[in-house]
Amino acid sequence: AFFEGLKNGTIPTDKPLVFVWGDNFSDIKIQPIMQFHEKTDADLTMLALPVKKERISALGAVQVKSEEDLTATWFMEKPQTEEEIAKAKLGNTNQYLGIVGPYILSPKALEWIKENYTATPEKFHNAKGYDFSSTIIDTLVNKNEETGKDFNVQIYIKPEDETWSDLGSSKDFKAEMLKIKHDKNAYKYMPLLYKNSIASMIDDYDNISINPEAKTLLAQAEKEYGLIFKNVVAYKG
């Protein structure tokens, strides 16, 4: 939907675009990220989560110039080797930077994506479909010479008092629903989770069905706390 929206003009390219994953569950405030994006004159701003070393291989990993200069210099989706993982280490800390979203894209970046997707859509495709992280982020951060443009990619580190969780598996989904069951103030903002947002994470996404366990948890959350979810999909992970 994102790529086609750019191609057919339903997503405008004359102003910044905020891109949020549908399977993220958070109370992240967008306005400070947008202010940071504008202040640094970024083409792409990404929210990063400082994590322990053992968690970084499950995320998109990013390297920055320094703790003071958060310009991205390297990106890899789910690094595996020690050399790859070490690049995501934040300065002299014991933390590693994992990209979680949301992202903010500038008109310059949107125009480049639109132009190149229209001309060569296969470049934005991998085994699981059209992929944002392993194509767009990788290209904007790592392949400036190939694009012929000098993209400015900045990292915004998640504030400690804001929350972020991934609902990419039924296990994670259940954990967050149970958290809400015991503390309805666990999250200030409740996002809608859309089927197409996580379809690319599932191999056979032409035959997605709602997990019965997730459906029960949804009904319970909606009944007890008035939470509204639409087109939610959880899968056995």
# chains A, B, ... in the order shown; residues from 1 in each chain; ligands from 1
call {"tool": "select_by_dssp", "arguments": {"residues": "stretch 69-176 of chain A", "states": "strand (DSSP E)", "output": "list in words"}}
result
Ala72, Thr73, Trp74, Phe75, Met76, Glu77, Tyr96, Leu97, Gly98, Ile99, Val100, Gly101, Pro102, Tyr103, Ile104, Leu105, His125, Asn126, Gly129, Tyr130, Val153, Gln154, Ile155, Tyr156, Ile157, Trp164, Ser165 and Asp166 of chain A
call {"tool": "closest_residue", "arguments": {"among": "A:Gln95, A:Ser57, A:Thr71, A:Thr40", "to": "A:Ile155", "atoms": "only C-alpha atoms"}}
result
A:Thr71
call {"tool": "residues_around", "arguments": {"residues": "A:Glu111", "least_positions_apart": "2", "cutoff": "12 Å", "atoms": "only C-alpha atoms", "output": "PDB file with all heavy atoms, in the first residue's frame"}}
result
ATOM      1  N   PHE A   3       4.021   1.688  -1.204  1.00  0.00           N
ATOM      2  CA  PHE A   3       4.673   1.898  -2.495  1.00  0.00           C
ATOM      3  C   PHE A   3       3.653   2.309  -3.556  1.00  0.00           C
ATOM      4  O   PHE A   3       3.892   3.236  -4.336  1.00  0.00           O
ATOM      5  CB  PHE A   3       5.405   0.626  -2.932  1.00  0.00           C
ATOM      6  CG  PHE A   3       6.586   0.292  -2.080  1.00  0.00           C
ATOM      7  CD1 PHE A   3       6.534  -0.740  -1.163  1.00  0.00           C
ATOM      8  CD2 PHE A   3       7.767   1.015  -2.198  1.00  0.00           C
ATOM      9  CE1 PHE A   3       7.628  -1.057  -0.379  1.00  0.00           C
ATOM     10  CE2 PHE A   3       8.878   0.708  -1.415  1.00  0.00           C
ATOM     11  CZ  PHE A   3       8.804  -0.328  -0.496  1.00  0.00           C
ATOM     12  N   LEU A   6       2.467   5.915  -3.150  1.00  0.00           N
ATOM     13  CA  LEU A   6       3.392   6.891  -3.719  1.00  0.00           C
ATOM     14  C   LEU A   6       3.265   6.927  -5.239  1.00  0.00           C
ATOM     15  O   LEU A   6       3.239   7.992  -5.854  1.00  0.00           O
ATOM     16  CB  LEU A   6       4.833   6.547  -3.330  1.00  0.00           C
ATOM     17  CG  LEU A   6       5.251   6.817  -1.891  1.00  0.00           C
ATOM     18  CD1 LEU A   6       6.667   6.309  -1.653  1.00  0.00           C
ATOM     19  CD2 LEU A   6       5.173   8.306  -1.554  1.00  0.00           C
ATOM     20  N   LYS A   7       3.171   5.757  -5.830  1.00  0.00           N
ATOM     21  CA  LYS A   7       3.124   5.667  -7.288  1.00  0.00           C
ATOM     22  C   LYS A   7       1.882   6.336  -7.860  1.00  0.00           C
ATOM     23  O   LYS A   7       1.965   7.074  -8.856  1.00  0.00           O
ATOM     24  CB  LYS A   7       3.169   4.191  -7.711  1.00  0.00           C
ATOM     25  CG  LYS A   7       3.173   3.976  -9.218  1.00  0.00           C
ATOM     26  CD  LYS A   7       3.258   2.491  -9.542  1.00  0.00           C
ATOM     27  CE  LYS A   7       3.226   2.261 -11.055  1.00  0.00           C
ATOM     28  NZ  LYS A   7       3.303   0.806 -11.379  1.00  0.00           N
ATOM     29  N   GLY A   9      -0.097   8.521  -6.327  1.00  0.00           N
ATOM     30  CA  GLY A   9      -0.333   9.875  -5.855  1.00  0.00           C
ATOM     31  C   GLY A   9      -1.234  10.018  -4.647  1.00  0.00           C
ATOM     32  O   GLY A   9      -1.477  11.135  -4.182  1.00  0.00           O
ATOM     33  N   ILE A  11      -0.487   9.084  -1.692  1.00  0.00           N
ATOM     34  CA  ILE A  11       0.421   9.550  -0.638  1.00  0.00           C
ATOM     35  C   ILE A  11       1.206  10.718  -1.206  1.00  0.00           C
ATOM     36  O   ILE A  11       1.982  10.555  -2.154  1.00  0.00           O
ATOM     37  CB  ILE A  11       1.387   8.439  -0.184  1.00  0.00           C
ATOM     38  CG1 ILE A  11       0.611   7.295   0.477  1.00  0.00           C
ATOM     39  CG2 ILE A  11       2.421   9.003   0.798  1.00  0.00           C
ATOM     40  CD1 ILE A  11       1.489   6.140   0.921  1.00  0.00           C
ATOM     41  N   PRO A  12       1.017  11.937  -0.683  1.00  0.00           N
ATOM     42  CA  PRO A  12       1.706  13.109  -1.231  1.00  0.00           C
ATOM     43  C   PRO A  12       3.198  13.078  -0.923  1.00  0.00           C
ATOM     44  O   PRO A  12       3.633  12.471   0.063  1.00  0.00           O
ATOM     45  CB  PRO A  12       1.019  14.275  -0.521  1.00  0.00           C
ATOM     46  CG  PRO A  12       0.507  13.697   0.757  1.00  0.00           C
ATOM     47  CD  PRO A  12       0.119  12.283   0.435  1.00  0.00           C
ATOM     48  N   THR A  13       3.972  13.727  -1.754  1.00  0.00           N
ATOM     49  CA  THR A  13       5.426  13.766  -1.567  1.00  0.00           C
ATOM     50  C   THR A  13       5.931  15.184  -1.331  1.00  0.00           C
ATOM     51  O   THR A  13       7.137  15.418  -1.358  1.00  0.00           O
ATOM     52  CB  THR A  13       6.144  13.181  -2.799  1.00  0.00           C
ATOM     53  OG1 THR A  13       5.781  13.950  -3.960  1.00  0.00           O
ATOM     54  CG2 THR A  13       5.779  11.731  -3.011  1.00  0.00           C
ATOM     55  N   ASP A  14       5.012  16.108  -1.078  1.00  0.00           N
ATOM     56  CA  ASP A  14       5.418  17.499  -0.894  1.00  0.00           C
ATOM     57  C   ASP A  14       5.546  17.901   0.571  1.00  0.00           C
ATOM     58  O   ASP A  14       5.795  19.059   0.886  1.00  0.00           O
ATOM     59  CB  ASP A  14       4.447  18.442  -1.606  1.00  0.00           C
ATOM     60  CG  ASP A  14       3.020  18.323  -1.077  1.00  0.00           C
ATOM     61  OD1 ASP A  14       2.725  17.324  -0.368  1.00  0.00           O
ATOM     62  OD2 ASP A  14       2.208  19.224  -1.363  1.00  0.00           O
ATOM     63  N   LYS A  15       5.375  16.934   1.478  1.00  0.00           N
ATOM     64  CA  LYS A  15       5.525  17.198   2.909  1.00  0.00           C
ATOM     65  C   LYS A  15       5.990  15.921   3.602  1.00  0.00           C
ATOM     66  O   LYS A  15       5.841  14.824   3.059  1.00  0.00           O
ATOM     67  CB  LYS A  15       4.225  17.696   3.512  1.00  0.00           C
ATOM     68  CG  LYS A  15       3.022  16.808   3.258  1.00  0.00           C
ATOM     69  CD  LYS A  15       1.736  17.477   3.736  1.00  0.00           C
ATOM     70  CE  LYS A  15       0.512  16.639   3.392  1.00  0.00           C
ATOM     71  NZ  LYS A  15      -0.732  17.328   3.812  1.00  0.00           N
ATOM     72  N   PRO A  16       6.568  16.031   4.805  1.00  0.00           N
ATOM     73  CA  PRO A  16       7.065  14.834   5.498  1.00  0.00           C
ATOM     74  C   PRO A  16       5.963  13.816   5.758  1.00  0.00           C
ATOM     75  O   PRO A  16       4.801  14.172   5.965  1.00  0.00           O
ATOM     76  CB  PRO A  16       7.618  15.397   6.812  1.00  0.00           C
ATOM     77  CG  PRO A  16       7.928  16.827   6.510  1.00  0.00           C
ATOM     78  CD  PRO A  16       6.868  17.270   5.542  1.00  0.00           C
ATOM     79  N   LEU A  17       6.350  12.549   5.743  1.00  0.00           N
ATOM     80  CA  LEU A  17       5.420  11.451   6.000  1.00  0.00           C
ATOM     81  C   LEU A  17       5.851  10.696   7.249  1.00  0.00           C
ATOM     82  O   LEU A  17       7.017  10.318   7.375  1.00  0.00           O
ATOM     83  CB  LEU A  17       5.392  10.493   4.808  1.00  0.00           C
ATOM     84  CG  LEU A  17       4.552   9.223   5.006  1.00  0.00           C
ATOM     85  CD1 LEU A  17       3.068   9.562   4.926  1.00  0.00           C
ATOM     86  CD2 LEU A  17       4.915   8.164   3.969  1.00  0.00           C
ATOM     87  N   ASP A  43      16.497  13.529   6.062  1.00  0.00           N
ATOM     88  CA  ASP A  43      15.692  12.940   4.995  1.00  0.00           C
ATOM     89  C   ASP A  43      14.935  11.720   5.519  1.00  0.00           C
ATOM     90  O   ASP A  43      13.873  11.375   5.013  1.00  0.00           O
ATOM     91  CB  ASP A  43      16.587  12.531   3.826  1.00  0.00           C
ATOM     92  CG  ASP A  43      17.223  13.743   3.167  1.00  0.00           C
ATOM     93  OD1 ASP A  43      16.479  14.671   2.796  1.00  0.00           O
ATOM     94  OD2 ASP A  43      18.455  13.781   3.050  1.00  0.00           O
ATOM     95  N   LEU A 105       9.852  10.433   6.851  1.00  0.00           N
ATOM     96  CA  LEU A 105      10.511  10.567   5.551  1.00  0.00           C
ATOM     97  C   LEU A 105      10.298  11.968   5.002  1.00  0.00           C
ATOM     98  O   LEU A 105       9.185  12.500   5.042  1.00  0.00           O
ATOM     99  CB  LEU A 105       9.933   9.543   4.567  1.00  0.00           C
ATOM    100  CG  LEU A 105      10.285   8.080   4.853  1.00  0.00           C
ATOM    101  CD1 LEU A 105       9.184   7.167   4.359  1.00  0.00           C
ATOM    102  CD2 LEU A 105      11.602   7.718   4.194  1.00  0.00           C
ATOM    103  N   SER A 106      11.354  12.567   4.476  1.00  0.00           N
ATOM    104  CA  SER A 106      11.276  13.909   3.904  1.00  0.00           C
ATOM    105  C   SER A 106      10.737  13.844   2.476  1.00  0.00           C
ATOM    106  O   SER A 106      10.750  12.771   1.842  1.00  0.00           O
ATOM    107  CB  SER A 106      12.659  14.548   3.886  1.00  0.00           C
ATOM    108  OG  SER A 106      13.468  13.928   2.888  1.00  0.00           O
ATOM    109  N   PRO A 107      10.293  14.972   1.920  1.00  0.00           N
ATOM    110  CA  PRO A 107       9.880  14.996   0.511  1.00  0.00           C
ATOM    111  C   PRO A 107      10.977  14.499  -0.432  1.00  0.00           C
ATOM    112  O   PRO A 107      10.695  13.804  -1.410  1.00  0.00           O
ATOM    113  CB  PRO A 107       9.559  16.474   0.274  1.00  0.00           C
ATOM    114  CG  PRO A 107       9.074  16.964   1.607  1.00  0.00           C
ATOM    115  CD  PRO A 107       9.969  16.242   2.600  1.00  0.00           C
ATOM    116  N   LYS A 108      12.231  14.829  -0.135  1.00  0.00           N
ATOM    117  CA  LYS A 108      13.343  14.366  -0.969  1.00  0.00           C
ATOM    118  C   LYS A 108      13.400  12.841  -1.006  1.00  0.00           C
ATOM    119  O   LYS A 108      13.550  12.237  -2.080  1.00  0.00           O
ATOM    120  CB  LYS A 108      14.661  14.929  -0.423  1.00  0.00           C
ATOM    121  CG  LYS A 108      15.912  14.413  -1.119  1.00  0.00           C
ATOM    122  CD  LYS A 108      17.174  14.976  -0.448  1.00  0.00           C
ATOM    123  CE  LYS A 108      18.445  14.352  -0.992  1.00  0.00           C
ATOM    124  NZ  LYS A 108      19.661  14.880  -0.298  1.00  0.00           N
ATOM    125  N   ALA A 109      13.272  12.204   0.160  1.00  0.00           N
ATOM    126  CA  ALA A 109      13.307  10.740   0.222  1.00  0.00           C
ATOM    127  C   ALA A 109      12.073  10.132  -0.451  1.00  0.00           C
ATOM    128  O   ALA A 109      12.174   9.136  -1.178  1.00  0.00           O
ATOM    129  CB  ALA A 109      13.385  10.282   1.671  1.00  0.00           C
ATOM    130  N   ILE A 113      11.992   7.491  -3.618  1.00  0.00           N
ATOM    131  CA  ILE A 113      11.328   6.185  -3.541  1.00  0.00           C
ATOM    132  C   ILE A 113      10.292   6.057  -4.653  1.00  0.00           C
ATOM    133  O   ILE A 113      10.224   5.044  -5.355  1.00  0.00           O
ATOM    134  CB  ILE A 113      10.664   5.990  -2.168  1.00  0.00           C
ATOM    135  CG1 ILE A 113      11.711   5.985  -1.061  1.00  0.00           C
ATOM    136  CG2 ILE A 113       9.865   4.677  -2.148  1.00  0.00           C
ATOM    137  CD1 ILE A 113      11.130   6.140   0.326  1.00  0.00           C
ATOM    138  N   LYS A 114       9.484   7.099  -4.830  1.00  0.00           N
ATOM    139  CA  LYS A 114       8.438   7.075  -5.868  1.00  0.00           C
ATOM    140  C   LYS A 114       9.040   6.877  -7.249  1.00  0.00           C
ATOM    141  O   LYS A 114       8.591   6.029  -8.027  1.00  0.00           O
ATOM    142  CB  LYS A 114       7.642   8.380  -5.823  1.00  0.00           C
ATOM    143  CG  LYS A 114       6.559   8.474  -6.890  1.00  0.00           C
ATOM    144  CD  LYS A 114       5.806   9.796  -6.775  1.00  0.00           C
ATOM    145  CE  LYS A 114       4.724   9.901  -7.842  1.00  0.00           C
ATOM    146  NZ  LYS A 114       3.954  11.176  -7.720  1.00  0.00           N
ATOM    147  N   GLU A 115      10.061   7.637  -7.562  1.00  0.00           N
ATOM    148  CA  GLU A 115      10.694   7.570  -8.880  1.00  0.00           C
ATOM    149  C   GLU A 115      11.287   6.195  -9.137  1.00  0.00           C
ATOM    150  O   GLU A 115      11.119   5.603 -10.210  1.00  0.00           O
ATOM    151  CB  GLU A 115      11.785   8.640  -8.981  1.00  0.00           C
ATOM    152  CG  GLU A 115      12.543   8.629 -10.290  1.00  0.00           C
ATOM    153  CD  GLU A 115      13.662   9.662 -10.311  1.00  0.00           C
ATOM    154  OE1 GLU A 115      13.614  10.617  -9.501  1.00  0.00           O
ATOM    155  OE2 GLU A 115      14.592   9.509 -11.117  1.00  0.00           O
ATOM    156  N   ASN A 116      11.985   5.644  -8.158  1.00  0.00           N
ATOM    157  CA  ASN A 116      12.668   4.375  -8.346  1.00  0.00           C
ATOM    158  C   ASN A 116      11.721   3.187  -8.270  1.00  0.00           C
ATOM    159  O   ASN A 116      11.913   2.196  -8.984  1.00  0.00           O
ATOM    160  CB  ASN A 116      13.796   4.227  -7.323  1.00  0.00           C
ATOM    161  CG  ASN A 116      15.002   5.055  -7.688  1.00  0.00           C
ATOM    162  OD1 ASN A 116      15.897   4.588  -8.372  1.00  0.00           O
ATOM    163  ND2 ASN A 116      15.010   6.314  -7.268  1.00  0.00           N
ATOM    164  N   TYR A 117      10.689   3.258  -7.434  1.00  0.00           N
ATOM    165  CA  TYR A 117       9.714   2.166  -7.382  1.00  0.00           C
ATOM    166  C   TYR A 117       8.933   2.090  -8.684  1.00  0.00           C
ATOM    167  O   TYR A 117       8.668   0.998  -9.201  1.00  0.00           O
ATOM    168  CB  TYR A 117       8.757   2.348  -6.206  1.00  0.00           C
ATOM    169  CG  TYR A 117       7.617   1.352  -6.215  1.00  0.00           C
ATOM    170  CD1 TYR A 117       7.848   0.028  -5.879  1.00  0.00           C
ATOM    171  CD2 TYR A 117       6.332   1.729  -6.606  1.00  0.00           C
ATOM    172  CE1 TYR A 117       6.817  -0.910  -5.913  1.00  0.00           C
ATOM    173  CE2 TYR A 117       5.303   0.801  -6.648  1.00  0.00           C
ATOM    174  CZ  TYR A 117       5.548  -0.514  -6.299  1.00  0.00           C
ATOM    175  OH  TYR A 117       4.538  -1.434  -6.353  1.00  0.00           O
ATOM    176  N   THR A 118       8.574   3.234  -9.230  1.00  0.00           N
ATOM    177  CA  THR A 118       7.831   3.257 -10.484  1.00  0.00           C
ATOM    178  C   THR A 118       8.655   2.653 -11.616  1.00  0.00           C
ATOM    179  O   THR A 118       8.151   1.906 -12.458  1.00  0.00           O
ATOM    180  CB  THR A 118       7.433   4.699 -10.851  1.00  0.00           C
ATOM    181  OG1 THR A 118       6.628   5.248  -9.800  1.00  0.00           O
ATOM    182  CG2 THR A 118       6.638   4.744 -12.153  1.00  0.00           C
ATOM    183  N   LYS A 149      22.545  10.453  -4.338  1.00  0.00           N
ATOM    184  CA  LYS A 149      22.082  11.511  -3.446  1.00  0.00           C
ATOM    185  C   LYS A 149      22.715  11.334  -2.072  1.00  0.00           C
ATOM    186  O   LYS A 149      23.049  10.221  -1.668  1.00  0.00           O
ATOM    187  CB  LYS A 149      20.555  11.490  -3.321  1.00  0.00           C
ATOM    188  CG  LYS A 149      19.824  11.771  -4.632  1.00  0.00           C
ATOM    189  CD  LYS A 149      18.323  11.800  -4.426  1.00  0.00           C
ATOM    190  CE  LYS A 149      17.592  12.027  -5.740  1.00  0.00           C
ATOM    191  NZ  LYS A 149      17.853  13.366  -6.288  1.00  0.00           N
TER     192      LYS A 149
END
call {"tool": "closest_residue", "arguments": {"among": "A:Asp161, A:Asp166, A:Asp41, A:Asp138", "to": "A:Glu77", "atoms": "only C-alpha atoms"}}
result
A:Asp138
call {"tool": "closest_residue", "arguments": {"among": "A:Leu70, A:Val141, A:Val62, A:Ala48", "to": "A:Gln154", "atoms": "only C-alpha atoms"}}
result
A:Leu70
call {"tool": "residues_around", "arguments": {"residues": "A:Lys52", "least_positions_apart": "5", "cutoff": "10 Å", "atoms": "only C-alpha atoms", "output": "NGL selection string"}}
result
:A and (89 or 94-98)
call {"tool": "write_last_selection", "arguments": {"atoms": "N, CA and C atoms", "output": "tab-separated table (two decimals), in the first residue's frame"}}
result
chain	number	residue	atom	x	y	z
A	89	LYS	N	26.67	-1.01	18.60
A	89	LYS	CA	26.95	-0.61	19.97
A	89	LYS	C	27.00	0.92	20.06
A	94	ASN	N	26.84	-0.01	27.20
A	94	ASN	CA	26.61	-1.43	26.97
A	94	ASN	C	25.31	-1.67	26.23
A	95	GLN	N	24.86	-0.65	25.51
A	95	GLN	CA	23.60	-0.73	24.78
A	95	GLN	C	23.83	-0.75	23.28
A	96	TYR	N	22.87	-1.37	22.58
A	96	TYR	CA	22.92	-1.49	21.13
A	96	TYR	C	21.64	-0.87	20.57
A	97	LEU	N	21.76	-0.23	19.42
A	97	LEU	CA	20.62	0.51	18.87
A	97	LEU	C	19.84	-0.33	17.87
A	98	GLY	N	18.59	-0.63	18.22
A	98	GLY	CA	17.70	-1.36	17.33
A	98	GLY	C	16.61	-0.44	16.80
call {"tool": "select_by_dssp", "arguments": {"residues": "stretch 63-92 of chain A", "states": "alpha helix (DSSP H)", "output": "PyMOL selection string"}}
result
chain A and resi 82-87
call {"tool": "residues_around", "arguments": {"residues": "A:Ile30", "least_positions_apart": "4", "cutoff": "9 Å", "atoms": "only C-alpha atoms", "output": "list in words"}}
result
Val18, Met34, Gln35 and Pro102 of chain A
call {"tool": "write_last_selection", "arguments": {"atoms": "C-alpha atoms", "output": "CSV table (one decimal), in the first residue's frame"}}
result
chain,number,residue,atom,x,y,z
A,18,VAL,CA,5.2,9.7,9.3
A,34,MET,CA,9.1,15.6,14.1
A,35,GLN,CA,10.8,18.6,15.8
A,102,PRO,CA,8.1,5.2,13.7
call {"tool": "atom_distance", "arguments": {"atom1": "atom CA of A:Lys78", "atom2": "atom CA of A:Glu4"}}
result
26.1 Å
call {"tool": "residues_around", "arguments": {"residues": "A:Lys65", "least_positions_apart": "4", "cutoff": "10 Å", "atoms": "only C-alpha atoms", "output": "PyMOL selection string"}}
result
chain A and resi 69-74+90-91
call {"tool": "atom_distance", "arguments": {"atom1": "atom CA of A:Ala61", "atom2": "atom CA of A:Tyr156"}}
result
13.5 Å
call {"tool": "closest_residue", "arguments": {"among": "A:Lys53, A:Lys143, A:Lys39, A:Lys171", "to": "A:Thr93", "atoms": "only C-alpha atoms"}}
result
A:Lys53
call {"tool": "closest_residue", "arguments": {"among": "A:Met76, A:Ile28, A:Val20, A:Ala88", "to": "A:Val51", "atoms": "only C-alpha atoms"}}
result
A:Ala88
call {"tool": "atom_distance", "arguments": {"atom1": "atom CA of A:Tyr103", "atom2": "atom CA of A:Glu122"}}
result
22.6 Å
